[in-house]
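*Asks:* Sharing my_file-v6.csv below, CSV, C-alpha atoms:
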chain,number,residue,atom,x,y,z
A,105,MET,CA,0.0,0.0,0.0
A,106,THR,CA,1.4,3.4,-1.0
A,107,LYS,CA,1.6,6.3,1.5
A,108,THR,CA,-1.3,8.1,-0.4
A,109,GLU,CA,-3.5,5.0,-0.3
A,110,SER,CA,-2.9,4.6,3.4
A,111,LEU,CA,-4.3,8.1,4.0
A,112,HIS,CA,-7.6,7.0,2.6
A,113,GLN,CA,-8.1,3.8,4.7
A,114,PRO,CA,-10.2,4.2,7.8
A,115,ARG,CA,-8.7,3.4,11.1
A,116,TYR,CA,-10.5,2.8,14.4
A,117,ASP,CA,-7.6,2.7,16.8
A,118,TRP,CA,-6.7,6.4,17.0
A,119,SER,CA,-5.3,7.6,20.3
A,120,ALA,CA,-5.8,11.1,21.6
A,121,GLU,CA,-2.0,11.6,21.4
A,122,GLU,CA,-2.0,10.6,17.7
A,123,ALA,CA,-4.9,13.0,17.1
A,124,GLU,CA,-3.1,15.9,18.8
A,125,ALA,CA,0.1,15.2,16.8
A,126,LEU,CA,-2.0,15.4,13.7
A,127,ILE,CA,-3.7,18.7,14.6
A,128,SER,CA,-0.3,20.1,15.5
A,129,ARG,CA,1.4,19.3,12.2
A,130,PRO,CA,2.8,22.3,10.3
A,131,PHE,CA,-0.3,24.2,9.0
A,132,HIS,CA,0.3,24.0,5.3
A,133,ASP,CA,1.3,20.3,5.5
A,134,LEU,CA,-1.8,19.5,7.5
A,135,LEU,CA,-4.1,21.3,5.0
A,136,ALA,CA,-2.4,19.7,2.0
A,137,ALA,CA,-2.8,16.2,3.3
A,138,ALA,CA,-6.4,16.9,4.3
A,139,HIS,CA,-7.3,18.4,1.0
A,140,GLU,CA,-5.8,15.5,-0.9
A,141,VAL,CA,-8.1,13.1,1.0
A,142,HIS,CA,-11.0,15.5,0.6
A,143,ARG,CA,-10.6,15.5,-3.2
A,144,THR,CA,-10.6,11.8,-3.5
A,145,ARG,CA,-13.9,11.4,-1.5
A,146,ASN,CA,-15.7,14.6,-2.6
A,147,ASP,CA,-16.1,17.0,-5.5
A,148,PRO,CA,-14.5,20.1,-4.0
A,149,HIS,CA,-16.8,22.3,-6.0
A,150,VAL,CA,-20.0,20.8,-4.6
A,151,ILE,CA,-21.2,20.9,-1.0
A,152,GLU,CA,-24.2,19.3,0.7
A,153,ALA,CA,-26.9,21.7,2.1
A,154,ALA,CA,-29.1,20.9,5.1
A,155,MET,CA,-31.6,23.0,6.9
A,156,LEU,CA,-32.3,22.7,10.7
A,157,LEU,CA,-35.6,23.4,12.4
A,158,SER,CA,-36.3,23.5,16.1
A,159,ILE,CA,-39.5,21.5,16.4
A,160,LYS,CA,-39.7,21.8,20.2
A,161,THR,CA,-37.9,24.7,21.7
A,162,GLY,CA,-36.6,25.4,25.2
A,163,ALA,CA,-37.3,24.2,28.8
A,164,CYS,CA,-34.6,21.5,28.5
A,165,PRO,CA,-33.6,20.2,32.0
A,166,GLU,CA,-30.0,19.6,31.0
A,167,ASP,CA,-27.3,22.1,32.1
A,168,CYS,CA,-25.2,22.2,28.9
A,169,ALA,CA,-23.1,25.4,29.5
A,170,TYR,CA,-23.4,26.5,25.8
A,171,CYS,CA,-27.1,26.0,25.3
A,172,PRO,CA,-29.7,28.8,25.4
A,173,GLN,CA,-32.4,26.1,25.5
A,174,SER,CA,-31.5,25.0,29.0
A,175,ALA,CA,-34.2,25.8,31.6
A,176,LYS,CA,-31.4,26.5,34.0
A,177,TRP,CA,-30.2,29.6,32.1
A,178,ASN,CA,-31.9,33.0,31.7
A,179,THR,CA,-31.5,33.7,28.0
A,180,GLY,CA,-34.9,35.1,27.3
A,181,LEU,CA,-35.9,32.2,25.1
A,182,LYS,CA,-39.6,31.4,25.0
A,183,ALA,CA,-40.4,27.7,25.5
A,184,GLU,CA,-42.6,26.1,22.9
A,185,ARG,CA,-44.3,22.7,22.6
A,186,LEU,CA,-43.7,20.2,19.8
A,187,MET,CA,-44.8,21.6,16.5
A,188,PRO,CA,-47.6,19.9,14.6
A,189,THR,CA,-46.5,17.6,11.8
A,190,SER,CA,-48.2,19.8,9.3
A,191,ASP,CA,-46.1,22.8,10.3
A,192,ILE,CA,-42.9,20.7,10.2
A,193,LEU,CA,-43.8,19.5,6.7
A,194,ALA,CA,-44.4,23.0,5.5
A,195,ALA,CA,-41.0,24.1,6.8
A,196,ALA,CA,-39.4,21.1,5.1
A,197,GLU,CA,-41.0,22.1,1.8
A,198,ARG,CA,-39.6,25.6,2.1
A,199,ALA,CA,-36.2,24.1,2.9
A,200,GLN,CA,-36.3,21.9,-0.2
A,201,LYS,CA,-37.2,24.9,-2.4
A,202,ALA,CA,-34.2,26.7,-0.9
A,203,GLY,CA,-31.9,24.0,-2.1
A,204,ALA,CA,-31.6,21.8,1.0
A,205,THR,CA,-31.4,18.0,0.5
A,206,ARG,CA,-31.4,17.1,4.2
A,207,PHE,CA,-33.9,18.3,6.7
A,208,CYS,CA,-32.9,18.2,10.4
A,209,MET,CA,-35.4,18.3,13.2
A,210,GLY,CA,-34.3,19.3,16.7
A,211,ALA,CA,-36.2,19.0,20.0
A,212,ALA,CA,-35.0,20.2,23.3
A,213,TRP,CA,-35.5,17.1,25.4
A,214,ARG,CA,-33.2,15.3,27.7
A,215,GLU,CA,-34.8,12.0,26.9
A,216,PRO,CA,-38.1,11.9,25.0
A,217,ASN,CA,-40.9,9.6,26.0
A,218,ASP,CA,-42.2,6.9,23.6
A,219,GLN,CA,-45.2,9.0,22.5
A,220,GLN,CA,-43.0,12.0,21.7
A,221,VAL,CA,-40.7,9.7,19.6
A,222,ALA,CA,-43.7,8.3,17.8
A,223,ASP,CA,-44.9,11.8,17.0
A,224,VAL,CA,-41.5,12.7,15.6
A,225,GLY,CA,-41.6,9.5,13.6
A,226,ASP,CA,-44.8,10.7,11.9
A,227,ALA,CA,-43.0,13.9,10.9
A,228,VAL,CA,-40.1,11.8,9.6
A,229,ARG,CA,-42.4,9.9,7.3
A,230,GLU,CA,-44.0,13.0,5.9
A,231,VAL,CA,-40.6,14.7,5.3
A,232,GLY,CA,-39.1,11.6,3.8
A,233,ALA,CA,-42.0,11.4,1.4
A,234,LEU,CA,-40.8,14.7,-0.1
A,235,GLY,CA,-37.6,12.9,-1.2
A,236,MET,CA,-35.4,14.6,1.4
A,237,GLU,CA,-33.0,13.0,3.7
A,238,THR,CA,-34.2,13.2,7.3
A,239,CYS,CA,-32.2,13.8,10.5
A,240,ALA,CA,-33.4,14.2,14.1
A,241,THR,CA,-31.8,15.2,17.4
A,242,LEU,CA,-34.1,14.5,20.4
A,243,GLY,CA,-31.7,13.7,23.2
A,244,MET,CA,-31.0,10.3,24.7
A,245,LEU,CA,-32.8,7.3,23.2
A,246,THR,CA,-33.5,3.8,24.3
A,247,ALA,CA,-32.9,1.0,21.9
A,248,GLU,CA,-36.7,0.7,21.3
A,249,GLN,CA,-37.0,4.4,20.5
A,250,ALA,CA,-34.1,4.2,18.0
A,251,ASN,CA,-36.0,1.3,16.4
A,252,THR,CA,-39.2,3.4,16.2
A,253,LEU,CA,-37.3,6.1,14.3
A,254,ALA,CA,-35.7,3.6,12.1
A,255,GLU,CA,-39.1,2.1,11.2
A,256,ALA,CA,-40.3,5.6,10.4
A,257,GLY,CA,-37.5,5.9,7.8
A,258,LEU,CA,-35.1,8.2,9.6
A,259,ASP,CA,-31.9,8.5,7.8
A,260,TYR,CA,-29.6,10.2,10.4
A,261,TYR,CA,-29.7,10.7,14.1
A,262,ASN,CA,-27.6,13.6,15.5
A,263,HIS,CA,-26.2,13.2,19.0
A,264,ASN,CA,-23.0,15.1,19.5
A,265,LEU,CA,-20.2,14.1,21.9
A,266,ASP,CA,-19.5,17.8,22.4
A,267,THR,CA,-15.9,17.5,23.7
A,268,SER,CA,-13.3,15.1,25.1
A,269,PRO,CA,-14.2,12.8,28.0
A,270,GLU,CA,-11.8,14.7,30.2
A,271,TYR,CA,-13.3,18.1,29.6
A,272,TYR,CA,-16.9,17.0,29.5
A,273,GLY,CA,-17.6,17.6,33.2
A,274,GLU,CA,-16.7,21.3,32.7
A,275,ILE,CA,-19.5,21.6,30.2
A,276,ILE,CA,-22.3,19.3,31.3
A,277,THR,CA,-23.1,17.7,34.7
A,278,THR,CA,-26.7,16.3,34.1
A,279,ARG,CA,-25.5,13.3,32.1
A,280,VAL,CA,-22.2,11.4,31.7
A,281,TYR,CA,-20.2,10.7,28.6
A,282,GLN,CA,-21.2,7.1,28.5
A,283,ASP,CA,-24.9,8.2,28.2
A,284,ARG,CA,-24.0,9.7,24.9
A,285,LEU,CA,-22.1,6.7,23.7
A,286,ASP,CA,-25.0,4.4,24.7
A,287,THR,CA,-27.4,6.4,22.6
A,288,LEU,CA,-25.0,6.3,19.6
A,289,ALA,CA,-24.8,2.5,20.0
A,290,HIS,CA,-28.6,2.2,20.1
A,291,VAL,CA,-28.9,4.3,16.9
A,292,ARG,CA,-26.2,2.4,15.1
A,293,HIS,CA,-27.8,-0.9,16.0
A,294,SER,CA,-31.2,0.3,14.7
A,295,GLY,CA,-29.6,0.9,11.2
A,296,VAL,CA,-30.0,4.7,11.3
A,297,LYS,CA,-26.8,6.5,10.3
A,298,LEU,CA,-24.9,8.6,12.8
A,299,CYS,CA,-24.4,12.3,12.8
A,300,THR,CA,-22.1,13.1,15.7
A,301,GLY,CA,-19.4,15.6,16.3
A,302,GLY,CA,-18.7,18.3,18.8
A,303,ILE,CA,-18.2,22.0,19.6
A,304,VAL,CA,-14.9,23.9,19.7
A,305,GLY,CA,-14.3,27.2,21.3
A,306,MET,CA,-15.7,26.3,24.8
A,307,GLY,CA,-12.4,27.0,26.6
A,308,GLU,CA,-11.0,23.6,25.9
A,309,SER,CA,-7.4,22.9,25.0
A,310,ARG,CA,-6.0,21.5,21.8
A,311,GLU,CA,-5.6,18.2,23.7
A,312,ASP,CA,-9.3,18.2,24.3
A,313,ARG,CA,-10.1,18.8,20.7
A,314,ALA,CA,-7.8,15.9,19.9
A,315,GLY,CA,-9.6,13.8,22.5
A,316,LEU,CA,-12.9,14.5,20.9
A,317,LEU,CA,-11.7,13.5,17.5
A,318,ALA,CA,-10.2,10.3,18.8
A,319,GLN,CA,-13.5,9.3,20.4
A,320,LEU,CA,-15.3,9.9,17.2
A,321,ALA,CA,-12.7,8.0,15.1
A,322,GLN,CA,-12.7,5.0,17.5
A,323,LEU,CA,-16.4,4.4,16.5
A,324,ASP,CA,-16.6,1.4,14.1
A,325,PRO,CA,-17.8,2.3,11.5
A,326,HIS,CA,-17.1,6.0,11.7
A,327,PRO,CA,-20.0,8.3,11.9
A,328,GLU,CA,-21.4,9.0,8.4
A,329,SER,CA,-21.7,12.7,9.3
A,330,VAL,CA,-19.4,14.6,11.6
A,331,PRO,CA,-20.5,18.2,12.5
A,332,ILE,CA,-17.8,20.5,13.8
A,333,ASN,CA,-19.5,23.5,15.6
A,334,LEU,CA,-17.9,26.7,16.6
A,335,LEU,CA,-19.4,27.9,19.9
A,336,VAL,CA,-22.0,30.6,19.5
A,337,GLN,CA,-21.9,32.6,22.7
A,338,VAL,CA,-25.3,33.5,24.0
A,339,PRO,CA,-25.9,36.0,26.8
A,340,GLY,CA,-27.1,34.2,29.9
A,341,THR,CA,-25.3,31.0,29.3
A,342,PRO,CA,-22.2,30.1,31.4
A,343,LEU,CA,-19.9,30.2,28.4
A,344,PHE,CA,-20.8,33.7,27.4
A,345,GLY,CA,-17.6,35.7,27.5
A,346,THR,CA,-15.3,32.8,26.9
A,347,GLU,CA,-12.1,33.7,25.2
A,348,LYS,CA,-12.7,33.2,21.5
A,349,LEU,CA,-10.9,30.4,19.7
A,350,ASP,CA,-8.1,31.2,17.3
A,351,PRO,CA,-9.9,30.7,13.9
A,352,LEU,CA,-7.1,28.6,12.5
A,353,GLU,CA,-7.6,26.1,15.4
A,354,LEU,CA,-11.1,25.4,13.8
A,355,VAL,CA,-9.4,24.8,10.5
A,356,ARG,CA,-6.9,22.5,12.0
A,357,THR,CA,-9.7,20.5,13.8
A,358,ILE,CA,-11.6,20.1,10.5
A,359,ALA,CA,-8.5,19.0,8.7
A,360,ALA,CA,-7.7,16.4,11.3
A,361,ALA,CA,-11.3,15.2,11.2
A,362,ARG,CA,-11.0,14.7,7.5
A,363,LEU,CA,-7.8,12.7,7.8
A,364,MET,CA,-9.0,10.6,10.7
A,365,MET,CA,-12.4,9.8,9.2
A,366,PRO,CA,-11.8,9.8,5.5
A,367,GLN,CA,-15.2,8.4,4.5
A,368,SER,CA,-17.3,10.7,6.7
A,369,VAL,CA,-19.0,13.9,5.7
A,370,VAL,CA,-17.5,16.7,7.8
A,371,ARG,CA,-20.0,19.4,8.4
A,372,LEU,CA,-19.2,23.1,9.0
A,373,SER,CA,-22.1,23.7,11.3
A,374,ALA,CA,-22.8,26.3,14.0
A,375,GLY,CA,-20.9,29.5,14.2
A,376,ARG,CA,-20.7,30.4,10.5
A,377,ASN,CA,-22.6,33.7,11.1
A,378,GLU,CA,-19.5,35.0,12.9
A,379,MET,CA,-16.9,33.6,10.5
A,380,THR,CA,-15.4,35.6,7.6
A,381,ASP,CA,-15.8,34.2,4.1
A,382,GLU,CA,-12.1,33.6,4.1
A,383,LEU,CA,-12.3,31.4,7.2
A,384,GLN,CA,-15.2,29.4,5.8
A,385,ALA,CA,-13.3,29.0,2.5
A,386,LEU,CA,-10.3,27.5,4.5
A,387,CYS,CA,-12.7,25.2,6.4
A,388,LEU,CA,-14.1,23.9,3.1
A,389,HIS,CA,-10.7,23.5,1.6
A,390,ALA,CA,-9.6,21.6,4.7
A,391,GLY,CA,-12.3,19.0,4.3
A,392,ALA,CA,-15.7,20.3,5.3
A,393,SER,CA,-18.3,19.5,2.6
A,394,SER,CA,-21.6,20.4,4.2
A,395,ILE,CA,-23.3,23.5,5.6
A,396,PHE,CA,-26.7,24.5,7.0
A,397,LEU,CA,-28.7,26.9,5.0
A,398,GLY,CA,-31.2,29.5,6.3
A,399,ASP,CA,-30.9,32.4,8.6
A,400,ARG,CA,-31.3,30.4,11.8
A,401,LEU,CA,-30.1,27.1,13.2
A,402,LEU,CA,-32.1,25.9,16.2
A,403,THR,CA,-32.2,29.3,18.1
A,404,THR,CA,-29.1,31.1,16.9
A,405,ALA,CA,-28.3,33.1,13.8
A,406,ASN,CA,-27.0,31.6,10.6
A,407,PRO,CA,-25.7,33.6,7.5
A,408,GLY,CA,-28.8,33.2,5.4
A,409,ALA,CA,-29.4,32.9,1.6
A,410,THR,CA,-27.9,36.2,0.4
A,411,ARG,CA,-24.6,35.7,2.1
A,412,ASP,CA,-24.3,32.0,1.3
A,413,ASP,CA,-25.1,32.5,-2.3
A,414,ALA,CA,-22.5,35.2,-2.6
A,415,LEU,CA,-19.9,33.0,-0.9
A,416,LEU,CA,-20.6,29.9,-3.0
A,417,THR,CA,-20.4,32.1,-6.2
A,418,ARG,CA,-17.0,33.4,-5.1
A,419,LEU,CA,-15.8,29.9,-4.4
A,420,ASP,CA,-17.2,28.5,-7.7
A,421,THR,CA,-19.2,26.0,-5.7
A,422,SER,CA,-22.7,24.6,-6.1
A,423,LEU,CA,-25.1,22.8,-3.9
A,424,ALA,CA,-25.4,19.0,-4.2
A,425,MET,CA,-28.6,17.5,-5.6
A,426,LEU,CA,-30.2,14.3,-4.4
For this file, write the structure as structure tokens.
*Replies:*
Amino acid sequence: MTKTESLHQPRYDWSAEEAEALISRPFHDLLAAAHEVHRTRNDPHVIEAAMLLSIKTGACPEDCAYCPQSAKWNTGLKAERLMPTSDILAAAERAQKAGATRFCMGAAWREPNDQQVADVGDAVREVGALGMETCATLGMLTAEQANTLAEAGLDYYNHNLDTSPEYYGEIITTRVYQDRLDTLAHVRHSGVKLCTGGIVGMGESREDRAGLLAQLAQLDPHPESVPINLLVQVPGTPLFGTEKLDPLELVRTIAAARLMMPQSVVRLSAGRNEMTDELQALCLHAGASSIFLGDRLLTTANPGATRDDALLTRLDTSLAML
């Protein structure tokens, strides 16, 4: 096997130390290697577009330090009940017209009950009938609930690891790391694809970013989708005022993710509204091949169509079609 071929073969035994060494490579060498792998797996002139909708907002009992939807933080967010399926479907139709091929539904629950999962399953069936890929993020799931969503035709389930096991307790205390891994195992066993990544810029170290990537790359098979989020600082949350991450650390993290999980789709997710076009271009060059469209994610701002269209035009890039 040649050196180039070895870069493209997935491994599942990455250590945190190896991941940190990868992130720490000379910047141009790291990007060159990541882009080489990226080009062999993806058309660099095409990116996947998804749209995210908060189908049940706020009043979450978790204490995630980054999240404005936690009932523990005073962020001024109004709590809302689960949206009717008809409203979710209407939003999905708008997303499809805007160019999105995947529709992601997020609900602020710690662990939904069986009826709530069944209700979301109804929405999944309706959205899937449009010909769109479906994704949901509802919190922790039991094995039976994961099977319910699989039977409804769910394509992807999003459940992020957020950060390294060592730093996790600084961010969340209302569940443990193994809870997240257990949900991922239930989802994988059900046959639904995994969308799992993390957040950078939460005050963590490079070692922690490496630890997150090692955890993700030890999953066998690797997650089909790996979102890398840049912290969006929301007033009222404990992480508001955190020192901002060096933007090139985000690029390094994405490049390392591309090298460690060569067959996964790396998603440039939250935080794009605060990124320059040049930073986004570097992230896409480093291996990201998916973004969220629209002017909002769950509850925070996103660039919107005008800015995204202009950026994609400047980069000679188009949106993927199903």
*Asks:* Enumerate, as a ChimeraX atom specification, the protein, DNA and RNA residues whose atoms approach (-13.6, 23.2, 5.7) to within 8 Å, taking into account all atoms listed in the file and the coordinate frame of the file.
*Replies:* /A:355,358-359,370-372,384-393
*Asks:* List every residue of region 126-192 of chain A that has an atom at most 12 Å from any atom of region 305-323 of chain A, and for each one report the closest atom pair and its distance in Å to one decimal, counting all atoms listed in the file, with rows sorted by chain and then by increasing residue number, as JSON lines.
*Replies:*
{"residue": "A:Leu126", "atom": "CA", "partner": "A:Ala314", "partner_atom": "CA", "distance": 8.5}
{"residue": "A:Ile127", "atom": "CA", "partner": "A:Ala314", "partner_atom": "CA", "distance": 7.3}
{"residue": "A:Ser128", "atom": "CA", "partner": "A:Arg310", "partner_atom": "CA", "distance": 8.6}
{"residue": "A:Cys168", "atom": "CA", "partner": "A:Met306", "partner_atom": "CA", "distance": 11.1}
{"residue": "A:Ala169", "atom": "CA", "partner": "A:Met306", "partner_atom": "CA", "distance": 8.8}
{"residue": "A:Tyr170", "atom": "CA", "partner": "A:Met306", "partner_atom": "CA", "distance": 7.8}
{"residue": "A:Cys171", "atom": "CA", "partner": "A:Met306", "partner_atom": "CA", "distance": 11.4}
*Asks:* Fewer than 4 positions away in the same chain doesn't count, so skip those; otherwise give me all residues within 9 Å of Ala250 (chain A), counting only C-alpha atoms, as a CSV table (one decimal) with C-alpha atoms, in the frame of the given file.
*Replies:*
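Result went into part.csv, see below:
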chain,number,residue,atom,x,y,z
A,221,VAL,CA,-40.7,9.7,19.6
A,245,LEU,CA,-32.8,7.3,23.2
A,246,THR,CA,-33.5,3.8,24.3
A,254,ALA,CA,-35.7,3.6,12.1
A,255,GLU,CA,-39.1,2.1,11.2
A,261,TYR,CA,-29.7,10.7,14.1
A,287,THR,CA,-27.4,6.4,22.6
A,290,HIS,CA,-28.6,2.2,20.1
A,291,VAL,CA,-28.9,4.3,16.9
A,292,ARG,CA,-26.2,2.4,15.1
A,293,HIS,CA,-27.8,-0.9,16.0
A,294,SER,CA,-31.2,0.3,14.7
A,295,GLY,CA,-29.6,0.9,11.2
A,296,VAL,CA,-30.0,4.7,11.3
*Asks:* May I have the residues within 12 Å of Leu402 (chain A) as JSON, numbers by chain, using only C-alpha atoms and disregarding those fewer than 6 positions away in the same chain?
*Replies:* {"A": [155, 156, 157, 158, 159, 160, 161, 162, 171, 172, 173, 181, 208, 209, 210, 211, 212, 240, 241, 336, 373, 374, 375, 396]}
*Asks:* Out of A:Ala361, A:Thr277, A:Gly340, A:Val369, which residue has the shortest atom-to-atom distance to Cys299 (chain A) when counting only C-alpha atoms?
*Replies:* A:Val369
*Asks:* Using CA of Phe207 (chain A) and CA of Thr267 (chain A) as the two end points, give the distance in Å to one decimal.
*Replies:* 24.8 Å
*Asks:* Distance CA of Thr179 (chain A)-CA of Leu401 (chain A), one decimal place?
*Replies:*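 CA of Leu401 (chain A) lies at a distance of 16.3 Å from CA of Thr179 (chain A).
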*Asks:* Using only C-alpha atoms, find the one residue out of A:Glu166, A:Glu121, A:Asp286, A:Asp381 that sits nearest to Pro351 (chain A).
*Replies:*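 Comparing A:Glu166, A:Glu121, A:Asp286, A:Asp381 against Pro351 (chain A), the winner is A:Asp381.
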